[in-house]
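Shown here: target.cif, mmCIF, C-alpha atoms.
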data_model
loop_
_atom_site.label_atom_id
_atom_site.label_comp_id
_atom_site.auth_asym_id
_atom_site.auth_seq_id
_atom_site.Cartn_x
_atom_site.Cartn_y
_atom_site.Cartn_z
CA MET S 231 10.85 10.64 5.63
CA LYS S 232 8.36 7.98 4.60
CA ARG S 233 9.17 4.34 5.43
CA ILE S 234 7.40 1.07 4.61
CA VAL S 235 7.72 -1.46 7.44
CA THR S 236 6.38 -5.01 7.41
CA ALA S 237 5.84 -7.22 10.44
CA THR S 238 5.03 -10.92 10.35
CA VAL S 239 3.08 -11.72 13.52
CA PHE S 240 0.99 -14.37 15.21
CA ASN S 241 -2.67 -13.74 14.43
CA GLN S 242 -3.85 -13.11 17.99
CA SER S 243 -6.03 -10.62 19.80
CA GLY S 244 -4.22 -7.46 20.91
CA VAL S 245 -1.18 -7.76 18.62
CA LEU S 246 -2.16 -4.82 16.41
CA ASN S 247 -2.80 -2.65 19.48
CA ARG S 248 0.61 -3.42 21.00
CA ILE S 249 2.45 -2.75 17.75
CA THR S 250 0.68 0.49 16.93
CA GLY S 251 1.35 1.55 20.53
CA LEU S 252 5.09 1.31 19.85
CA PHE S 253 4.74 3.62 16.85
CA THR S 254 2.60 6.03 18.87
CA ARG S 255 5.06 6.20 21.77
CA ARG S 256 7.81 7.13 19.30
CA GLN S 257 5.49 9.77 17.80
CA PHE S 258 5.53 8.27 14.32
CA ASN S 259 2.64 9.30 12.10
CA ILE S 260 1.12 6.08 10.73
CA GLU S 261 -0.13 6.95 7.25
CA SER S 262 -1.62 3.53 6.56
CA ILE S 263 -1.87 0.05 8.04
CA THR S 264 -2.88 -3.12 6.26
CA VAL S 265 -3.17 -6.52 7.92
CA GLY S 266 -3.96 -9.85 6.36
CA ALA S 267 -3.45 -13.59 6.59
CA THR S 268 -0.29 -15.13 5.12
CA GLU S 269 0.38 -18.50 3.52
CA THR S 270 0.94 -19.90 7.04
CA GLU S 271 -2.12 -20.60 9.18
CA GLY S 272 -2.28 -18.45 12.32
CA VAL S 273 0.24 -15.92 10.97
CA SER S 274 -0.55 -12.43 9.61
CA LYS S 275 1.47 -9.80 7.80
CA MET S 276 1.17 -6.13 8.72
CA THR S 277 2.32 -3.36 6.40
CA PHE S 278 2.83 0.10 7.88
CA VAL S 279 3.55 3.30 5.99
CA VAL S 280 5.02 5.69 8.55
CA HIS S 281 6.67 9.11 8.64
CA VAL S 282 9.82 9.37 10.74
CA GLU S 283 12.41 12.05 11.43
CA ASP S 284 15.56 10.03 10.74
CA ALA S 285 16.94 6.53 10.07
CA ARG S 286 18.10 6.15 13.70
CA MET S 287 14.50 6.34 14.91
CA VAL S 288 13.46 3.64 12.45
CA GLU S 289 16.22 1.31 13.66
CA GLN S 290 15.16 1.85 17.27
CA VAL S 291 11.52 1.00 16.58
CA LEU S 292 12.48 -2.06 14.48
CA LYS S 293 14.54 -3.39 17.40
CA GLN S 294 11.67 -2.85 19.81
CA LEU S 295 9.20 -4.52 17.46
CA ASN S 296 11.48 -7.55 17.19
CA LYS S 297 11.39 -7.88 21.00
CA GLN S 298 7.60 -8.31 21.00
CA ILE S 299 6.52 -11.89 21.80
CA ASP S 300 3.95 -12.09 18.99
CA VAL S 301 6.29 -10.68 16.32
CA LEU S 302 8.09 -13.23 14.16
CA LYS S 303 9.90 -10.92 11.73
CA VAL S 304 10.20 -7.17 11.05
CA ASN S 305 11.60 -5.49 7.93
CA ASP S 306 11.99 -1.95 6.67
CA ILE S 307 11.51 -2.64 2.97
CA THR S 308 11.48 0.96 1.75
CA ASP S 309 14.82 0.80 -0.05
CA GLN S 310 14.35 -2.70 -1.46
CA ALA S 311 12.83 -3.79 -4.76
CA ILE S 312 9.14 -3.97 -3.82
CA VAL S 313 5.67 -3.93 -5.32
CA THR S 314 3.06 -1.79 -3.55
CA ARG S 315 -0.67 -1.70 -4.16
CA GLU S 316 -3.71 -0.01 -2.71
CA LEU S 317 -7.44 -0.37 -3.39
CA ALA S 318 -9.64 2.70 -3.56
CA LEU S 319 -13.42 2.97 -3.91
CA LEU S 320 -14.61 6.35 -5.18
CA LYS S 321 -18.20 7.55 -5.30
CA VAL S 322 -18.42 10.23 -7.99
CA MET S 323 -21.41 12.43 -8.81
CA THR S 324 -22.74 11.91 -12.34
CA THR S 325 -25.48 12.81 -14.73
CA PRO S 326 -26.49 10.74 -17.74
CA GLN S 327 -24.34 13.09 -19.83
CA THR S 328 -21.16 12.75 -17.73
CA ARG S 329 -21.16 8.95 -17.34
CA ALA S 330 -19.48 8.42 -20.71
CA GLU S 331 -16.85 11.07 -19.89
CA ILE S 332 -16.07 9.35 -16.59
CA ASN S 333 -15.72 5.99 -18.36
CA VAL S 334 -13.16 7.54 -20.72
CA ILE S 335 -11.21 9.00 -17.78
CA ILE S 336 -11.03 5.78 -15.75
CA GLU S 337 -10.22 3.41 -18.64
CA PRO S 338 -6.44 4.12 -18.81
CA PHE S 339 -6.27 3.50 -15.04
CA ARG S 340 -7.85 0.04 -15.52
CA ALA S 341 -10.50 1.11 -13.05
CA THR S 342 -14.03 -0.27 -13.14
CA ILE S 343 -17.48 1.00 -12.27
CA ILE S 344 -18.87 -1.37 -9.64
CA ASP S 345 -22.13 0.42 -8.78
CA VAL S 346 -24.42 2.81 -10.63
CA ALA S 347 -27.06 5.01 -9.01
CA LYS S 348 -29.24 7.76 -10.43
CA ASP S 349 -26.84 10.53 -9.42
CA SER S 350 -23.50 8.72 -8.88
CA VAL S 351 -21.18 5.88 -9.82
CA THR S 352 -18.84 3.93 -7.57
CA ILE S 353 -15.44 3.24 -9.09
CA GLN S 354 -12.89 0.66 -8.01
CA VAL S 355 -9.21 1.23 -8.75
CA VAL S 356 -6.14 -0.74 -7.70
CA GLY S 357 -2.61 0.58 -8.04
CA ASN S 358 0.18 2.42 -6.34
CA PHE S 359 -0.39 5.60 -4.35
CA GLU S 360 0.52 7.92 -7.25
CA LYS S 361 -1.88 6.21 -9.69
CA ILE S 362 -4.80 6.51 -7.29
CA GLU S 363 -4.00 10.15 -6.49
CA ALA S 364 -3.80 10.98 -10.21
CA MET S 365 -7.21 9.44 -10.90
CA ILE S 366 -8.78 11.24 -7.93
CA GLU S 367 -7.49 14.57 -9.25
CA LEU S 368 -8.99 13.91 -12.70
CA LEU S 369 -12.37 12.99 -11.18
CA ARG S 370 -12.45 15.87 -8.68
CA PRO S 371 -14.17 18.33 -11.11
CA TYR S 372 -17.15 15.93 -11.36
CA GLY S 373 -17.62 15.97 -7.58
CA ILE S 374 -16.31 13.22 -5.37
CA LYS S 375 -18.92 12.27 -2.78
CA GLU S 376 -16.89 9.69 -0.88
CA VAL S 377 -13.50 7.96 -0.88
CA ALA S 378 -12.58 4.71 0.89
CA ARG S 379 -8.97 3.49 0.67
CA THR S 380 -7.33 0.35 2.02
CA GLY S 381 -3.87 1.79 2.56
CA GLN S 382 -0.75 0.45 0.92
CA THR S 383 0.32 -3.14 1.13
CA ALA S 384 3.73 -4.23 -0.10
CA ILE S 385 5.79 -7.29 -0.92
CA LYS S 386 9.39 -7.77 -1.98
CA ARG S 387 9.91 -8.57 -5.62
CA GLY S 388 11.02 -12.09 -6.51
CA SER S 389 14.71 -12.74 -7.03
CA GLN S 390 15.77 -11.72 -10.49
CA ARG S 391 18.87 -12.60 -12.42
CA LEU S 392 21.32 -9.82 -12.95
CA VAL S 393 22.23 -9.06 -16.54
CA SER S 394 25.90 -9.82 -15.74
CA GLU S 395 24.88 -13.37 -14.65
CA SER S 396 23.26 -14.19 -18.01
CA LYS S 397 25.13 -16.43 -20.43
CA PRO S 398 26.07 -14.81 -23.73
CA PHE S 399 23.91 -15.90 -26.64
CA SER S 400 24.72 -15.66 -30.32
CA ILE S 401 22.88 -16.88 -33.39
CA LEU S 402 26.18 -17.02 -35.31
CA ASN S 403 27.71 -19.97 -33.39
#
Whole structure, structure tokens version:
Amino acid sequence: MKRIVTATVFNQSGVLNRITGLFTRRQFNIESITVGATETEGVSKMTFVVHVEDARMVEQVLKQLNKQIDVLKVNDITDQAIVTRELALLKVMTTPQTRAEINVIIEPFRATIIDVAKDSVTIQVVGNFEKIEAMIELLRPYGIKEVARTGQTAIKRGSQRLVSESKPFSILN
């Protein structure tokens, strides 16, 4: 099963190596890793998308990650309300005749052409995994020369009021 795990860590040399080593020793397949600075200076957030056999294995790794000196907080956010995004750069083969077709294909995905060459265009798209995969499949017949992806990053959604907590409203009163 696929899990999304976040770790808030001190931004120091060797932290990524130690944390990925824990996943490796447990034989988890790391599908993607993203790391970036947070709102706090000297602190980074890591987002891992991993494949695991069962929930017990995830719990075990989370406990071990929490024991690491440089780790401030670890969460498995898979089953929570989250927003995930990924950036992909796609170099697609084109001719003068197919450029307009490619523009029509990428427009609904809110993708943009960021580089144009004689025989190719480079497209930038941001979205969830499924959106990017869908666009790649539509562009595949034109010939994809190269793909570079950042991997998924995720954040919990902000707190939202439940419908049952809302006050009734009537225009008749």
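Protein and nucleic acid residues near (10.2, -2.5, 4.9) are Arg233, Ile234, Val235, Thr236, Val304, Asn305, Asp306, Ile307, Thr308, Asp309 and Gln310 of chain S, the criterion being any atom at most 8 Å away using all atoms listed in the file.
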Exercise. Name every residue that the PyMOL selection byres ((chain S and resi 314) around 7) selects in this structure, writing the answer as a VMD selection string with chains first and numbers rising.
Key: chain S and resid 312 to 313 315 358 382 to 385
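When only C-alpha atoms are used to compute distances to Val265 of chain S, the closest of the residues S:Arg286, S:His281, S:Gln327, S:Val239 turns out to be S:Val239.
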Quiz prompt | Result set of the PyMOL selection byres ((chain S and resi 288-301) around 9) on the coordinates above, as a PyMOL selection string | solution = chain S and resi 233+235+237-242+245+248-249+252-253+256+282-287+302-306
Tell me which residues the PyMOL selection byres ((chain S and resi 350) around 12) grabs here, as a PDB file with C-alpha atoms, in the frame of the given file.
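So the final result, stored in result_15.pdb, reads:
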ATOM      1  CA  LEU S 320     -14.610   6.350  -5.180  1.00  0.00           C
ATOM      2  CA  LYS S 321     -18.200   7.550  -5.300  1.00  0.00           C
ATOM      3  CA  VAL S 322     -18.420  10.230  -7.990  1.00  0.00           C
ATOM      4  CA  MET S 323     -21.410  12.430  -8.810  1.00  0.00           C
ATOM      5  CA  THR S 324     -22.740  11.910 -12.340  1.00  0.00           C
ATOM      6  CA  THR S 325     -25.480  12.810 -14.730  1.00  0.00           C
ATOM      7  CA  PRO S 326     -26.490  10.740 -17.740  1.00  0.00           C
ATOM      8  CA  GLN S 327     -24.340  13.090 -19.830  1.00  0.00           C
ATOM      9  CA  THR S 328     -21.160  12.750 -17.730  1.00  0.00           C
ATOM     10  CA  ARG S 329     -21.160   8.950 -17.340  1.00  0.00           C
ATOM     11  CA  ILE S 332     -16.070   9.350 -16.590  1.00  0.00           C
ATOM     12  CA  ILE S 343     -17.480   1.000 -12.270  1.00  0.00           C
ATOM     13  CA  ILE S 344     -18.870  -1.370  -9.640  1.00  0.00           C
ATOM     14  CA  ASP S 345     -22.130   0.420  -8.780  1.00  0.00           C
ATOM     15  CA  VAL S 346     -24.420   2.810 -10.630  1.00  0.00           C
ATOM     16  CA  ALA S 347     -27.060   5.010  -9.010  1.00  0.00           C
ATOM     17  CA  LYS S 348     -29.240   7.760 -10.430  1.00  0.00           C
ATOM     18  CA  ASP S 349     -26.840  10.530  -9.420  1.00  0.00           C
ATOM     19  CA  VAL S 351     -21.180   5.880  -9.820  1.00  0.00           C
ATOM     20  CA  THR S 352     -18.840   3.930  -7.570  1.00  0.00           C
ATOM     21  CA  ILE S 353     -15.440   3.240  -9.090  1.00  0.00           C
ATOM     22  CA  TYR S 372     -17.150  15.930 -11.360  1.00  0.00           C
ATOM     23  CA  GLY S 373     -17.620  15.970  -7.580  1.00  0.00           C
ATOM     24  CA  ILE S 374     -16.310  13.220  -5.370  1.00  0.00           C
ATOM     25  CA  LYS S 375     -18.920  12.270  -2.780  1.00  0.00           C
ATOM     26  CA  GLU S 376     -16.890   9.690  -0.880  1.00  0.00           C
TER      27      GLU S 376
END
Quiz item: For Met276 of chain S, which of S:Ala341, S:Val356, S:Leu246, S:Ile336 is the closest residue, counting all atoms listed in the file?
Solution: S:Leu246
Exercise. Take atom CA of Phe258 of chain S and atom CA of Val280 of chain S and report the distance between them in Å, one decimal.
Key: 6.3 Å
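Between atom CA of Glu271 of chain S and atom CA of Leu317 of chain S lies a distance of 24.4 Å.
In this structure, atom CA of Arg379 of chain S sits 19.7 Å away from atom CA of Pro338 of chain S.
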Quiz prompt | Residue neighbourhood Gln354 of chain S, 6 Å, only C-alpha atoms, exclusion window fewer than 3 positions, as a PyMOL selection string | solution = chain S and resi 318-319+341-342
Produce a file of the selected residues containing C-alpha atoms, as a PDB file, in the frame of the given file.
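To be explicit, this is the file written out as result-v3.pdb:
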ATOM      1  CA  ALA S 318      -9.640   2.700  -3.560  1.00  0.00           C
ATOM      2  CA  LEU S 319     -13.420   2.970  -3.910  1.00  0.00           C
ATOM      3  CA  ALA S 341     -10.500   1.110 -13.050  1.00  0.00           C
ATOM      4  CA  THR S 342     -14.030  -0.270 -13.140  1.00  0.00           C
TER       5      THR S 342
END
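Checking S:Leu369, S:Gln257, S:Glu316, S:Gly266 one by one against Asn333 of chain S, counting only C-alpha atoms, you find the shortest gap at S:Leu369.
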